[in-house]
file input_24.cif (mmCIF, C-alpha atoms)
data_input
#
loop_
_atom_site.label_atom_id
_atom_site.label_comp_id
_atom_site.auth_asym_id
_atom_site.auth_seq_id
_atom_site.Cartn_x
_atom_site.Cartn_y
_atom_site.Cartn_z
CA MET K 1 -64.41 37.50 -33.99
CA ASN K 2 -65.23 33.94 -34.95
CA PHE K 3 -61.83 32.24 -34.68
CA ASN K 4 -63.48 28.82 -35.05
CA ALA K 5 -64.35 29.69 -38.66
CA LEU K 6 -60.65 30.23 -39.28
CA LEU K 7 -59.18 27.33 -37.32
CA LYS K 8 -61.73 24.50 -37.17
CA ARG K 9 -62.75 22.63 -40.28
CA GLY K 10 -65.84 21.08 -38.80
CA ASN K 11 -67.72 18.73 -41.10
CA ARG K 12 -66.53 20.14 -44.41
CA ALA K 13 -66.90 17.43 -47.01
CA TYR K 14 -63.66 17.74 -48.99
CA PRO K 15 -60.55 18.32 -46.83
CA ALA K 16 -58.21 17.55 -49.75
CA VAL K 17 -59.64 20.56 -51.60
CA ASP K 18 -58.53 22.77 -48.70
CA GLY K 19 -55.01 21.42 -49.09
CA ILE K 20 -54.94 22.15 -52.82
CA ARG K 21 -56.24 25.67 -52.23
CA ALA K 22 -53.63 26.34 -49.51
CA ILE K 23 -50.85 25.06 -51.75
CA ALA K 24 -52.12 27.25 -54.59
CA VAL K 25 -51.99 30.48 -52.59
CA ILE K 26 -48.54 29.72 -51.13
CA TRP K 27 -47.32 28.82 -54.62
CA VAL K 28 -48.56 32.04 -56.18
CA ILE K 29 -46.99 34.12 -53.37
CA PHE K 30 -43.57 32.47 -53.83
CA PHE K 31 -43.89 32.84 -57.61
CA HIS K 32 -44.59 36.55 -57.49
CA ALA K 33 -41.91 37.05 -54.82
CA TRP K 34 -39.38 35.51 -57.24
CA LEU K 35 -40.73 37.34 -60.29
CA PHE K 36 -40.86 40.79 -58.73
CA GLN K 37 -37.28 40.39 -57.48
CA SER K 38 -36.03 39.14 -60.82
CA TYR K 39 -36.34 42.69 -62.16
CA GLU K 40 -35.39 46.07 -60.76
CA ILE K 41 -38.95 47.26 -60.19
CA PRO K 42 -39.08 50.60 -58.37
CA ASP K 43 -41.40 51.69 -55.61
CA PRO K 44 -44.93 52.33 -56.97
CA THR K 45 -44.49 56.05 -56.30
CA GLU K 46 -41.78 56.12 -58.98
CA TRP K 47 -43.55 54.11 -61.69
CA ASN K 48 -44.18 55.52 -65.13
CA PRO K 49 -45.93 54.10 -68.22
CA ASP K 50 -42.68 53.76 -70.18
CA LEU K 51 -40.84 51.77 -67.52
CA VAL K 52 -38.81 48.79 -68.71
CA ALA K 53 -37.39 47.09 -65.64
CA PRO K 54 -33.87 45.61 -66.09
CA ALA K 55 -33.37 41.99 -65.08
CA THR K 56 -31.39 40.98 -62.00
CA ASN K 57 -29.19 37.90 -61.58
CA LEU K 58 -32.03 36.29 -59.64
CA SER K 59 -34.04 35.91 -62.86
CA GLU K 60 -31.61 33.22 -64.02
CA GLU K 61 -30.15 32.03 -60.71
CA ILE K 62 -33.17 29.89 -59.88
CA TYR K 63 -32.74 27.80 -63.03
CA ARG K 64 -29.48 26.44 -61.61
CA PHE K 65 -31.60 24.45 -59.12
CA PRO K 66 -33.99 22.10 -60.99
CA VAL K 67 -35.87 21.29 -57.78
CA LEU K 68 -36.97 24.96 -57.60
CA ILE K 69 -38.21 25.31 -61.19
CA TRP K 70 -41.77 24.90 -59.89
CA ILE K 71 -41.52 28.36 -58.32
CA THR K 72 -41.16 29.91 -61.79
CA LYS K 73 -44.39 28.19 -62.87
CA GLY K 74 -46.53 29.68 -60.14
CA ASP K 75 -48.94 31.09 -62.71
CA LEU K 76 -50.36 27.55 -62.73
CA ALA K 77 -51.57 28.17 -59.17
CA VAL K 78 -54.33 30.30 -60.70
CA ASP K 79 -55.42 27.25 -62.67
CA LEU K 80 -55.61 25.30 -59.41
CA PHE K 81 -57.92 28.01 -58.07
CA PHE K 82 -60.04 27.76 -61.21
CA VAL K 83 -60.53 23.99 -60.89
CA ILE K 84 -61.40 24.25 -57.19
CA SER K 85 -63.81 27.11 -57.84
CA GLY K 86 -65.52 25.27 -60.70
CA PHE K 87 -65.89 22.16 -58.57
CA LEU K 88 -67.35 23.97 -55.56
CA ILE K 89 -69.58 26.49 -57.32
CA GLY K 90 -70.62 24.08 -60.06
CA GLY K 91 -71.42 21.58 -57.34
CA GLN K 92 -73.71 24.06 -55.61
CA LEU K 93 -75.64 24.61 -58.83
CA PHE K 94 -75.93 20.93 -59.75
CA LYS K 95 -76.98 20.05 -56.21
CA GLN K 96 -79.61 22.78 -56.13
CA ARG K 97 -81.11 21.74 -59.46
CA LYS K 98 -81.01 18.06 -58.51
CA GLU K 99 -82.84 18.68 -55.23
CA THR K 100 -85.31 21.39 -56.30
CA GLY K 101 -85.48 21.12 -60.09
CA VAL K 102 -84.63 24.83 -60.52
CA ILE K 103 -81.75 27.27 -60.10
CA ASN K 104 -82.30 30.25 -57.81
CA PHE K 105 -80.51 32.83 -59.96
CA LYS K 106 -81.13 35.74 -57.61
CA GLY K 107 -79.87 33.84 -54.58
CA PHE K 108 -76.82 32.59 -56.46
CA TYR K 109 -75.69 36.03 -57.62
CA LEU K 110 -76.41 37.63 -54.25
CA ARG K 111 -74.24 34.99 -52.58
CA ARG K 112 -71.44 35.71 -55.06
CA ILE K 113 -71.63 39.43 -54.29
CA ARG K 114 -71.62 38.86 -50.52
CA ARG K 115 -68.77 36.39 -50.82
CA LEU K 116 -66.45 38.45 -52.99
CA MET K 117 -67.23 42.13 -52.98
CA PRO K 118 -66.64 43.21 -49.33
CA ALA K 119 -63.01 42.03 -49.22
CA TYR K 120 -62.49 43.20 -52.80
CA LEU K 121 -63.60 46.75 -51.92
CA VAL K 122 -61.31 46.82 -48.89
CA ALA K 123 -58.38 45.64 -51.05
CA MET K 124 -59.08 48.39 -53.59
CA LEU K 125 -59.03 50.97 -50.80
CA LEU K 126 -55.78 49.57 -49.37
CA ALA K 127 -54.16 49.76 -52.80
CA LEU K 128 -54.62 53.53 -52.73
CA TYR K 129 -51.88 53.48 -50.09
CA PHE K 130 -49.77 50.39 -50.85
CA MET K 131 -49.83 50.89 -54.65
CA ASN K 132 -50.05 54.68 -54.57
CA GLY K 133 -53.42 54.39 -56.32
CA ILE K 134 -51.83 53.51 -59.69
CA ASN K 135 -54.51 53.09 -62.40
CA VAL K 136 -57.28 53.83 -59.90
CA GLU K 137 -59.11 55.70 -62.65
CA ARG K 138 -59.90 52.28 -64.11
CA ALA K 139 -61.28 50.84 -60.86
CA TRP K 140 -64.70 50.81 -62.54
CA SER K 141 -63.51 47.77 -64.50
CA ASN K 142 -62.85 45.90 -61.23
CA LEU K 143 -66.29 46.73 -59.89
CA LEU K 144 -67.84 45.39 -63.12
CA TYR K 145 -65.49 42.38 -63.23
CA VAL K 146 -64.24 43.22 -66.72
CA ASN K 147 -60.74 44.27 -65.68
CA ASN K 148 -59.18 41.34 -67.54
CA TYR K 149 -60.23 43.03 -70.80
CA VAL K 150 -59.17 46.55 -69.75
CA ARG K 151 -55.50 47.25 -70.30
CA ASN K 152 -53.54 48.45 -67.26
CA SER K 153 -56.52 48.00 -64.98
CA TYR K 154 -56.48 48.76 -61.27
CA ILE K 155 -54.78 46.11 -59.06
CA GLY K 156 -54.18 44.15 -62.24
CA TRP K 157 -53.55 40.78 -60.59
CA THR K 158 -57.29 40.49 -59.90
CA TRP K 159 -57.87 39.59 -63.56
CA SER K 160 -58.47 36.00 -62.44
CA LEU K 161 -61.45 37.12 -60.34
CA ALA K 162 -62.94 38.71 -63.45
CA ILE K 163 -62.58 35.42 -65.35
CA GLU K 164 -64.37 33.56 -62.57
CA GLU K 165 -67.26 35.99 -62.35
CA GLN K 166 -67.72 36.18 -66.11
CA PHE K 167 -67.78 32.40 -66.18
CA TYR K 168 -70.37 32.30 -63.39
CA MET K 169 -72.59 34.72 -65.25
CA VAL K 170 -73.02 31.94 -67.81
CA VAL K 171 -72.81 28.66 -65.89
CA PRO K 172 -76.14 28.90 -64.02
CA VAL K 173 -77.87 29.41 -67.36
CA LEU K 174 -76.10 26.36 -68.79
CA VAL K 175 -76.97 24.20 -65.78
CA ALA K 176 -80.60 25.34 -65.76
CA PHE K 177 -81.38 25.35 -69.48
CA LEU K 178 -78.67 23.93 -71.75
CA PHE K 179 -77.40 20.79 -70.06
CA PRO K 180 -80.90 19.32 -69.49
CA LEU K 181 -81.41 19.35 -73.27
CA PHE K 182 -78.68 16.77 -73.75
CA LYS K 183 -79.07 13.21 -72.57
CA LYS K 184 -75.35 12.71 -73.08
CA LYS K 185 -73.70 15.59 -71.28
CA ARG K 186 -70.38 14.92 -73.00
CA TRP K 187 -71.61 16.89 -76.02
CA PRO K 188 -72.11 20.31 -74.40
CA PHE K 189 -69.10 19.79 -72.14
CA GLY K 190 -66.99 18.72 -75.11
CA PHE K 191 -67.99 21.69 -77.26
CA LEU K 192 -67.33 24.19 -74.46
CA PHE K 193 -63.98 22.52 -73.73
CA LEU K 194 -62.74 22.57 -77.33
CA ALA K 195 -63.80 26.16 -78.04
CA PRO K 196 -60.98 27.96 -76.14
CA ILE K 197 -58.40 25.49 -77.45
CA LEU K 198 -59.44 26.30 -81.01
CA MET K 199 -59.42 30.05 -80.28
CA LYS K 200 -55.95 29.81 -78.79
CA TRP K 201 -54.70 27.87 -81.81
CA ILE K 202 -56.09 30.48 -84.19
CA GLN K 203 -54.47 33.29 -82.24
CA LEU K 204 -51.12 31.55 -81.85
CA THR K 205 -50.82 30.65 -85.52
CA GLY K 206 -52.09 34.01 -86.79
CA SER K 207 -50.08 37.08 -87.66
CA GLU K 208 -49.92 38.16 -83.99
CA GLY K 209 -49.02 34.75 -82.61
CA TYR K 210 -45.86 33.98 -80.69
CA GLN K 211 -43.34 31.18 -80.46
CA LEU K 212 -42.25 29.16 -77.46
CA PRO K 213 -40.05 29.92 -75.69
CA PHE K 214 -41.67 33.33 -75.59
CA ASN K 215 -38.41 34.94 -74.36
CA VAL K 216 -39.57 38.53 -74.01
CA PRO K 217 -38.45 40.37 -70.85
CA PHE K 218 -40.98 41.19 -68.19
CA PHE K 219 -42.56 44.67 -68.40
CA THR K 220 -41.48 45.34 -71.99
CA PRO K 221 -44.16 46.59 -74.45
CA GLU K 222 -44.16 43.23 -76.28
CA TRP K 223 -44.64 41.33 -73.03
CA ASP K 224 -47.39 43.81 -72.09
CA ASP K 225 -49.21 43.10 -75.37
CA TRP K 226 -49.08 39.36 -74.71
CA PHE K 227 -50.20 39.70 -71.08
CA TRP K 228 -53.12 42.05 -71.68
CA GLY K 229 -54.10 40.72 -75.10
CA TYR K 230 -53.85 36.96 -74.62
CA TYR K 231 -52.90 35.64 -71.18
CA MET K 232 -55.88 36.84 -69.15
CA HIS K 233 -58.87 36.64 -71.48
CA THR K 234 -61.82 34.58 -70.30
CA HIS K 235 -62.58 33.03 -73.68
CA LEU K 236 -59.06 31.53 -73.66
CA ARG K 237 -58.74 30.61 -69.97
CA TYR K 238 -62.06 29.25 -68.70
CA ASN K 239 -61.29 25.55 -69.21
CA GLY K 240 -59.93 25.17 -65.68
CA LEU K 241 -63.27 26.34 -64.32
CA LEU K 242 -65.13 24.12 -66.77
CA LEU K 243 -63.15 21.02 -65.78
CA GLY K 244 -63.99 21.74 -62.15
CA VAL K 245 -67.66 21.90 -63.13
CA VAL K 246 -67.28 18.58 -64.98
CA ALA K 247 -65.80 17.00 -61.85
CA ALA K 248 -68.73 18.35 -59.81
CA TYR K 249 -71.20 16.92 -62.33
CA LEU K 250 -69.56 13.49 -62.19
CA HIS K 251 -69.56 13.57 -58.41
CA LEU K 252 -73.20 14.61 -58.01
CA HIS K 253 -74.84 12.97 -61.02
CA ARG K 254 -72.61 9.96 -61.72
CA PRO K 255 -71.50 8.77 -58.27
CA GLU K 256 -72.15 5.12 -59.14
CA SER K 257 -69.82 5.39 -62.14
CA MET K 258 -67.19 7.03 -59.97
CA VAL K 259 -67.47 4.29 -57.36
CA ARG K 260 -67.12 1.58 -60.03
CA PHE K 261 -64.12 3.25 -61.63
CA PHE K 262 -62.23 4.01 -58.43
CA SER K 263 -63.05 0.64 -56.86
CA SER K 264 -60.56 -0.79 -59.34
CA ARG K 265 -57.20 -0.29 -57.66
CA VAL K 266 -55.41 -0.68 -60.98
CA LYS K 267 -57.46 2.00 -62.76
CA SER K 268 -57.51 4.44 -59.86
CA ASN K 269 -53.79 4.09 -59.14
CA LEU K 270 -52.92 4.50 -62.82
CA LEU K 271 -55.08 7.62 -63.06
CA PHE K 272 -53.65 9.05 -59.87
CA THR K 273 -50.04 8.32 -60.89
CA PHE K 274 -50.58 9.79 -64.35
CA SER K 275 -52.20 12.91 -62.85
CA ILE K 276 -49.31 13.49 -60.43
CA LEU K 277 -46.75 13.01 -63.20
CA MET K 278 -48.69 15.39 -65.43
CA ILE K 279 -48.82 18.10 -62.76
CA VAL K 280 -45.14 17.72 -61.84
CA GLY K 281 -44.08 17.60 -65.49
CA ILE K 282 -45.99 20.71 -66.55
CA ALA K 283 -44.84 22.56 -63.42
CA SER K 284 -41.24 21.78 -64.44
CA ILE K 285 -41.24 23.12 -68.02
CA PRO K 286 -40.51 26.86 -68.27
CA THR K 287 -41.80 28.56 -71.40
CA GLY K 288 -40.00 31.91 -71.29
CA GLN K 289 -43.10 33.91 -70.38
CA TRP K 290 -41.45 35.62 -67.41
CA VAL K 291 -37.70 35.63 -68.08
CA ILE K 292 -35.52 34.95 -71.11
CA LEU K 293 -34.36 31.33 -71.17
CA LYS K 294 -30.83 30.50 -72.30
CA ASP K 295 -31.87 26.92 -72.88
CA SER K 296 -35.33 25.51 -73.56
CA VAL K 297 -36.72 22.24 -74.85
CA PHE K 298 -38.80 24.24 -77.33
CA GLN K 299 -35.73 25.69 -79.04
CA SER K 300 -34.98 22.32 -80.63
CA LEU K 301 -38.57 21.64 -81.67
CA PRO K 302 -40.62 22.95 -84.61
CA PRO K 303 -42.98 25.88 -83.87
CA GLU K 304 -46.01 23.60 -84.09
CA ALA K 305 -44.84 21.73 -80.98
CA GLY K 306 -44.83 24.95 -78.99
CA TRP K 307 -48.28 25.88 -80.25
CA VAL K 308 -49.70 22.48 -79.30
CA TYR K 309 -48.12 22.69 -75.86
CA GLU K 310 -49.42 26.20 -75.26
CA CYS K 311 -52.93 25.18 -76.34
CA LEU K 312 -53.09 22.07 -74.17
CA HIS K 313 -50.78 22.24 -71.17
CA ARG K 314 -53.15 24.18 -68.89
CA GLU K 315 -56.05 21.94 -69.89
CA LEU K 316 -53.99 18.84 -69.06
CA PHE K 317 -52.83 20.38 -65.79
CA CYS K 318 -56.42 21.23 -64.81
CA ALA K 319 -57.75 17.83 -65.88
CA ALA K 320 -55.13 16.16 -63.67
CA THR K 321 -56.13 18.41 -60.76
CA ALA K 322 -59.81 17.56 -61.25
CA ALA K 323 -58.89 13.86 -61.33
CA ILE K 324 -57.04 14.19 -58.02
CA ILE K 325 -60.05 15.91 -56.45
CA LEU K 326 -62.31 13.03 -57.52
CA ALA K 327 -59.72 10.46 -56.46
CA SER K 328 -59.51 12.09 -53.02
CA ILE K 329 -63.25 11.44 -52.65
CA TYR K 330 -63.54 7.95 -54.08
CA ALA K 331 -60.15 6.23 -54.31
CA GLU K 332 -58.11 4.20 -51.88
CA GLY K 333 -54.59 2.90 -52.26
CA TRP K 334 -51.62 4.93 -53.41
CA ILE K 335 -53.54 8.14 -52.94
CA ASP K 336 -54.11 7.62 -49.20
CA PRO K 337 -50.87 9.38 -48.06
CA ILE K 338 -51.63 12.28 -50.43
CA LYS K 339 -55.18 12.51 -49.09
CA ARG K 340 -53.89 12.65 -45.53
CA PHE K 341 -51.33 15.28 -46.50
CA LEU K 342 -53.81 17.48 -48.38
CA GLY K 343 -56.35 17.05 -45.62
CA HIS K 344 -53.97 18.07 -42.83
CA ARG K 345 -55.61 20.47 -40.42
CA TRP K 346 -52.84 23.06 -40.81
CA PHE K 347 -53.84 23.64 -44.42
CA TYR K 348 -57.35 24.65 -43.42
CA PRO K 349 -56.62 28.15 -42.02
CA VAL K 350 -54.48 28.97 -45.06
CA ALA K 351 -57.27 27.81 -47.36
CA GLN K 352 -59.78 29.93 -45.46
CA VAL K 353 -57.75 33.12 -45.95
CA SER K 354 -56.63 32.32 -49.52
CA TYR K 355 -59.02 34.78 -51.17
CA SER K 356 -57.89 37.72 -49.05
CA ALA K 357 -54.27 36.61 -49.36
CA TYR K 358 -54.57 36.69 -53.13
CA LEU K 359 -56.06 40.17 -53.00
CA LEU K 360 -53.31 41.51 -50.74
CA HIS K 361 -50.10 39.76 -51.68
CA GLU K 362 -48.91 41.81 -54.67
CA MET K 363 -49.58 45.20 -53.11
CA PHE K 364 -47.65 44.12 -50.01
CA MET K 365 -44.73 43.02 -52.21
CA PHE K 366 -44.52 46.25 -54.17
CA TRP K 367 -44.60 48.23 -50.93
CA LEU K 368 -42.35 46.03 -48.80
CA PHE K 369 -39.57 44.90 -51.14
CA PRO K 370 -38.00 48.33 -51.76
CA ARG K 371 -38.04 49.05 -48.03
CA ILE K 372 -36.54 45.70 -47.01
CA ASN K 373 -33.92 46.01 -49.74
CA SER K 374 -32.98 49.47 -48.49
CA ALA K 375 -32.63 48.22 -44.93
CA PHE K 376 -30.75 44.94 -45.56
CA GLY K 377 -29.46 45.13 -49.14
CA SER K 378 -25.90 46.01 -48.13
CA GLN K 379 -25.73 43.17 -45.60
CA LEU K 380 -27.12 40.23 -47.56
CA SER K 381 -26.48 38.55 -50.89
CA GLU K 382 -29.06 38.89 -53.62
CA VAL K 383 -30.33 35.34 -53.07
CA SER K 384 -30.44 35.71 -49.28
CA LEU K 385 -32.31 38.99 -49.62
CA ALA K 386 -34.81 37.41 -52.00
CA ILE K 387 -35.44 34.54 -49.57
CA LEU K 388 -35.89 36.99 -46.70
CA ASN K 389 -38.31 39.08 -48.75
CA GLY K 390 -40.27 36.00 -49.78
CA PHE K 391 -40.81 34.67 -46.27
CA ILE K 392 -41.54 38.08 -44.78
CA VAL K 393 -44.18 38.81 -47.38
CA LEU K 394 -45.66 35.30 -46.96
CA VAL K 395 -46.07 35.81 -43.20
CA ILE K 396 -47.40 39.36 -43.51
CA THR K 397 -49.79 38.41 -46.31
CA LEU K 398 -51.26 35.48 -44.39
CA ALA K 399 -51.53 37.59 -41.23
CA GLY K 400 -53.23 40.44 -43.10
CA ALA K 401 -55.49 37.97 -44.87
CA ALA K 402 -56.49 36.43 -41.52
CA VAL K 403 -57.50 39.87 -40.26
CA MET K 404 -59.44 40.51 -43.46
CA PHE K 405 -61.16 37.13 -43.18
CA LEU K 406 -62.17 37.62 -39.55
CA TRP K 407 -63.27 41.24 -39.85
CA ILE K 408 -64.67 41.37 -43.39
CA GLU K 409 -65.20 38.00 -45.08
CA GLU K 410 -66.56 35.87 -42.26
CA PRO K 411 -69.18 38.35 -40.98
CA PHE K 412 -70.63 38.64 -44.47
CA LEU K 413 -70.49 34.88 -44.95
CA ARG K 414 -72.65 34.46 -41.84
CA ARG K 415 -75.25 36.77 -43.34
CA ARG K 416 -75.87 34.70 -46.41
CA THR K 417 -79.60 34.36 -46.94
CA ALA K 418 -79.37 31.05 -48.74
CA LYS K 419 -77.39 28.46 -46.82
CA THR K 420 -75.55 25.73 -48.69
CA LYS K 421 -74.41 22.40 -47.33
CA GLY K 422 -71.60 20.16 -48.45
CA LEU K 423 -70.18 22.02 -51.42
CA THR K 424 -69.35 25.55 -50.27
CA LYS K 425 -66.85 28.18 -51.19
#
call {"tool": "encode", "arguments": {"input": "input_24.cif", "output": "structure tokens"}}
result
Amino acid sequence: MNFNALLKRGNRAYPAVDGIRAIAVIWVIFFHAWLFQSYEIPDPTEWNPDLVAPATNLSEEIYRFPVLIWITKGDLAVDLFFVISGFLIGGQLFKQRKETGVINFKGFYLRRIRRLMPAYLVAMLLALYFMNGINVERAWSNLLYVNNYVRNSYIGWTWSLAIEEQFYMVVPVLVAFLFPLFKKKRWPFGFLFLAPILMKWIQLTGSEGYQLPFNVPFFTPEWDDWFWGYYMHTHLRYNGLLLGVVAAYLHLHRPESMVRFFSSRVKSNLLFTFSILMIVGIASIPTGQWVILKDSVFQSLPPEAGWVYECLHRELFCAATAAIILASIYAEGWIDPIKRFLGHRWFYPVAQVSYSAYLLHEMFMFWLFPRINSAFGSQLSEVSLAILNGFIVLVITLAGAAVMFLWIEEPFLRRRTAKTKGLTK
């Protein structure tokens, strides 16, 4: 086993990106640990299609501690993954076209298959045991990466992988054929960016739209309709990936402009400060998508305010993340401590196993939580038990992901036929 691939960063170009990716996977694990303990969800062997899980006190308890609100917004961690993915994969494509004048479509898609599919197949097999094979009859949708459009698909949390792969079916074509047609790249980027915002607005304001706060309990039929019919659709969620691609374009094709902009301490510090405030602010505003809120800022605002927020908050969050990635490359000043923090060597192993950790974490939770609760539920308070569950599943997920990386991911990564330098994923 190649432990160096797990532990030693080497000459990777963007250490801050590793830090963001590590934070994203830890964030999403804590979020799901809270969410799946906020409702009385049974062991997968006892699930049924008509299940409506009753809420526990934990669903509201966390809102008593404002410093922990970020845990309830862990769905934004997926948007962090999208920005990182768009930056790295978009960067590969822009670099290849810049250096060779063409895009090697066959090589690109083969690399994607080698990168993603081996660990994905292993996770699907493991879910036969840990998830009791629930919805396995729809595993075909996972193999085709269309599971985000198939209701109650197999290992449903992998909908984000489907969004990525659908996006990457299109991006090489855009980089090779569409973008070169425009001297000013802001036009194609701008059109693609505005399209999902407009589609979200139309859906939110239509007859099937919803208000913020959403305030529909987890696992109810109404929540299910929102989750499978709105939350995970590529045409509404790809802007995080697109903004990562935009950041990659600016880095590879407009480096002089980036140097000029970030050489101004005033401009770079203002952008960095605004980006941090934007990320913290959005990560601190619950919208009632996971639990019913007794109090919400949206309850005192007209419906239009909620619609605007829902249409734009992920885009603003992702734009701020993309700005921080660029600032970590070009800026100096206030960002230096953040760069050192994000680039810390301890983040690197977590970043390396983040893909496998994402694949494994929910199935481990559904299998482990009922068993830990049965063993310690009579001895611990609800909050103490939730904390214990969260940290146990974090450790087990990262350990399992490390094994998956060393035995499955890394060997296939070494077999890539087309080697990339600098921007890699």
call {"tool": "atom_distance", "arguments": {"input": "input_24.cif", "atom1": "atom CA of K:Ala320", "atom2": "atom CA of K:Tyr358"}}
result
23.1 Å
call {"tool": "residues_around", "arguments": {"input": "input_24.cif", "residues": "K:Lys95", "least_positions_apart": "4", "cutoff": "7 Å", "atoms": "only C-alpha atoms", "output": "list in words"}}
result
Gly91, Glu99 and Leu252 of chain K
call {"tool": "resolve_selection", "arguments": {"input": "input_24.cif", "expression": "the PyMOL selection byres ((chain K and resi 385) around 12)", "output": "PyMOL selection string"}}
result
chain K and resi 33-34+37-38+58+369-384+386-392
call {"tool": "write_last_selection", "arguments": {"input": "input_24.cif", "atoms": "C-alpha atoms", "output": "short mmCIF file (atom, residue, chain, number, x, y, z; two decimals), keeping the file's coordinate frame"}}
result
data_model
loop_
_atom_site.label_atom_id
_atom_site.label_comp_id
_atom_site.auth_asym_id
_atom_site.auth_seq_id
_atom_site.Cartn_x
_atom_site.Cartn_y
_atom_site.Cartn_z
CA ALA K 33 -41.91 37.05 -54.82
CA TRP K 34 -39.38 35.51 -57.24
CA GLN K 37 -37.28 40.39 -57.48
CA SER K 38 -36.03 39.14 -60.82
CA LEU K 58 -32.03 36.29 -59.64
CA PHE K 369 -39.57 44.90 -51.14
CA PRO K 370 -38.00 48.33 -51.76
CA ARG K 371 -38.04 49.05 -48.03
CA ILE K 372 -36.54 45.70 -47.01
CA ASN K 373 -33.92 46.01 -49.74
CA SER K 374 -32.98 49.47 -48.49
CA ALA K 375 -32.63 48.22 -44.93
CA PHE K 376 -30.75 44.94 -45.56
CA GLY K 377 -29.46 45.13 -49.14
CA SER K 378 -25.90 46.01 -48.13
CA GLN K 379 -25.73 43.17 -45.60
CA LEU K 380 -27.12 40.23 -47.56
CA SER K 381 -26.48 38.55 -50.89
CA GLU K 382 -29.06 38.89 -53.62
CA VAL K 383 -30.33 35.34 -53.07
CA SER K 384 -30.44 35.71 -49.28
CA ALA K 386 -34.81 37.41 -52.00
CA ILE K 387 -35.44 34.54 -49.57
CA LEU K 388 -35.89 36.99 -46.70
CA ASN K 389 -38.31 39.08 -48.75
CA GLY K 390 -40.27 36.00 -49.78
CA PHE K 391 -40.81 34.67 -46.27
CA ILE K 392 -41.54 38.08 -44.78
#
call {"tool": "resolve_selection", "arguments": {"input": "input_24.cif", "expression": "the PyMOL selection byres ((chain K and resi 242-246) around 6)", "output": "PDB file with C-alpha atoms, in the coordinates of the input"}}
result
ATOM      1  CA  VAL K  83     -60.530  23.990 -60.890  1.00  0.00           C
ATOM      2  CA  GLY K  86     -65.520  25.270 -60.700  1.00  0.00           C
ATOM      3  CA  PHE K  87     -65.890  22.160 -58.570  1.00  0.00           C
ATOM      4  CA  GLY K  90     -70.620  24.080 -60.060  1.00  0.00           C
ATOM      5  CA  ASN K 239     -61.290  25.550 -69.210  1.00  0.00           C
ATOM      6  CA  GLY K 240     -59.930  25.170 -65.680  1.00  0.00           C
ATOM      7  CA  LEU K 241     -63.270  26.340 -64.320  1.00  0.00           C
ATOM      8  CA  ALA K 247     -65.800  17.000 -61.850  1.00  0.00           C
ATOM      9  CA  ALA K 248     -68.730  18.350 -59.810  1.00  0.00           C
ATOM     10  CA  TYR K 249     -71.200  16.920 -62.330  1.00  0.00           C
ATOM     11  CA  ALA K 322     -59.810  17.560 -61.250  1.00  0.00           C
TER      12      ALA K 322
END
call {"tool": "atom_distance", "arguments": {"input": "input_24.cif", "atom1": "atom CA of K:Ser141", "atom2": "atom CA of K:Val291"}}
result
28.7 Å
call {"tool": "resolve_selection", "arguments": {"input": "input_24.cif", "expression": "the PyMOL selection byres ((chain K and resi 67) around 12)", "output": "list in words"}}
result
Ile62, Tyr63, Arg64, Phe65, Pro66, Leu68, Ile69, Trp70, Ile71, Thr72, Val280, Gly281, Ala283, Ser284 and Ile285 of chain K
call {"tool": "residues_around", "arguments": {"input": "input_24.cif", "residues": "K:Phe272", "least_positions_apart": "2", "cutoff": "12 Å", "atoms": "only C-alpha atoms", "output": "MDAnalysis selection string"}}
result
chainID K and resid 262 265:270 274:279 319:328 330:336 338:339
call {"tool": "atom_distance", "arguments": {"input": "input_24.cif", "atom1": "atom CA of K:Trp226", "atom2": "atom CA of K:Trp159"}}
result
14.2 Å
call {"tool": "closest_residue", "arguments": {"input": "input_24.cif", "among": "K:Tyr348, K:Trp228, K:Tyr309, K:Phe261", "to": "K:Asn152", "atoms": "only C-alpha atoms"}}
result
K:Trp228
call {"tool": "residues_around", "arguments": {"input": "input_24.cif", "residues": "stretch 175-187 of chain K", "least_positions_apart": "4", "cutoff": "12 Å", "atoms": "all atoms listed in the file", "output": "PyMOL selection string"}}
result
chain K and resi 89-98+100-105+168-171+191-194+242-243+245-246+248-250+253-254
call {"tool": "closest_residue", "arguments": {"input": "input_24.cif", "among": "K:Val353, K:Cys318, K:Val173, K:Leu126", "to": "K:Phe108", "atoms": "all atoms listed in the file"}}
result
K:Val173
call {"tool": "residues_around", "arguments": {"input": "input_24.cif", "residues": "K:Val308", "least_positions_apart": "5", "cutoff": "9 Å", "atoms": "only C-alpha atoms", "output": "ChimeraX atom specification"}}
result
/K:201,303,313
call {"tool": "closest_residue", "arguments": {"input": "input_24.cif", "among": "K:Ala5, K:Leu128, K:Leu144, K:Ile20", "to": "K:Ser85", "atoms": "all atoms listed in the file"}}
result
K:Ile20
call {"tool": "closest_atom_pairs", "arguments": {"input": "input_24.cif", "of": "stretch 152-216 of chain K", "to": "stretch 115-123 of chain K", "cutoff": "10 Å", "atoms": "all atoms listed in the file", "output": "Markdown table"}}
result
| residue | atom | partner | partner_atom | distance |
| --- | --- | --- | --- | --- |
| K:Ile155 | CA | K:Ala123 | CA | 8.8 |
| K:Thr158 | CA | K:Tyr120 | CA | 9.2 |
| K:Leu161 | CA | K:Leu116 | CA | 9.0 |
| K:Glu165 | CA | K:Leu116 | CA | 9.7 |
call {"tool": "residues_around", "arguments": {"input": "input_24.cif", "residues": "K:Val403", "least_positions_apart": "6", "cutoff": "12 Å", "atoms": "only C-alpha atoms", "output": "list in words"}}
result
Met1, Asn2, Phe3, Leu6, Ala119, Val122, Pro349, Gln352, Val353, Ser354, Ser356, Ala357, Leu360, Ile396, Thr397, Glu409, Glu410 and Pro411 of chain K
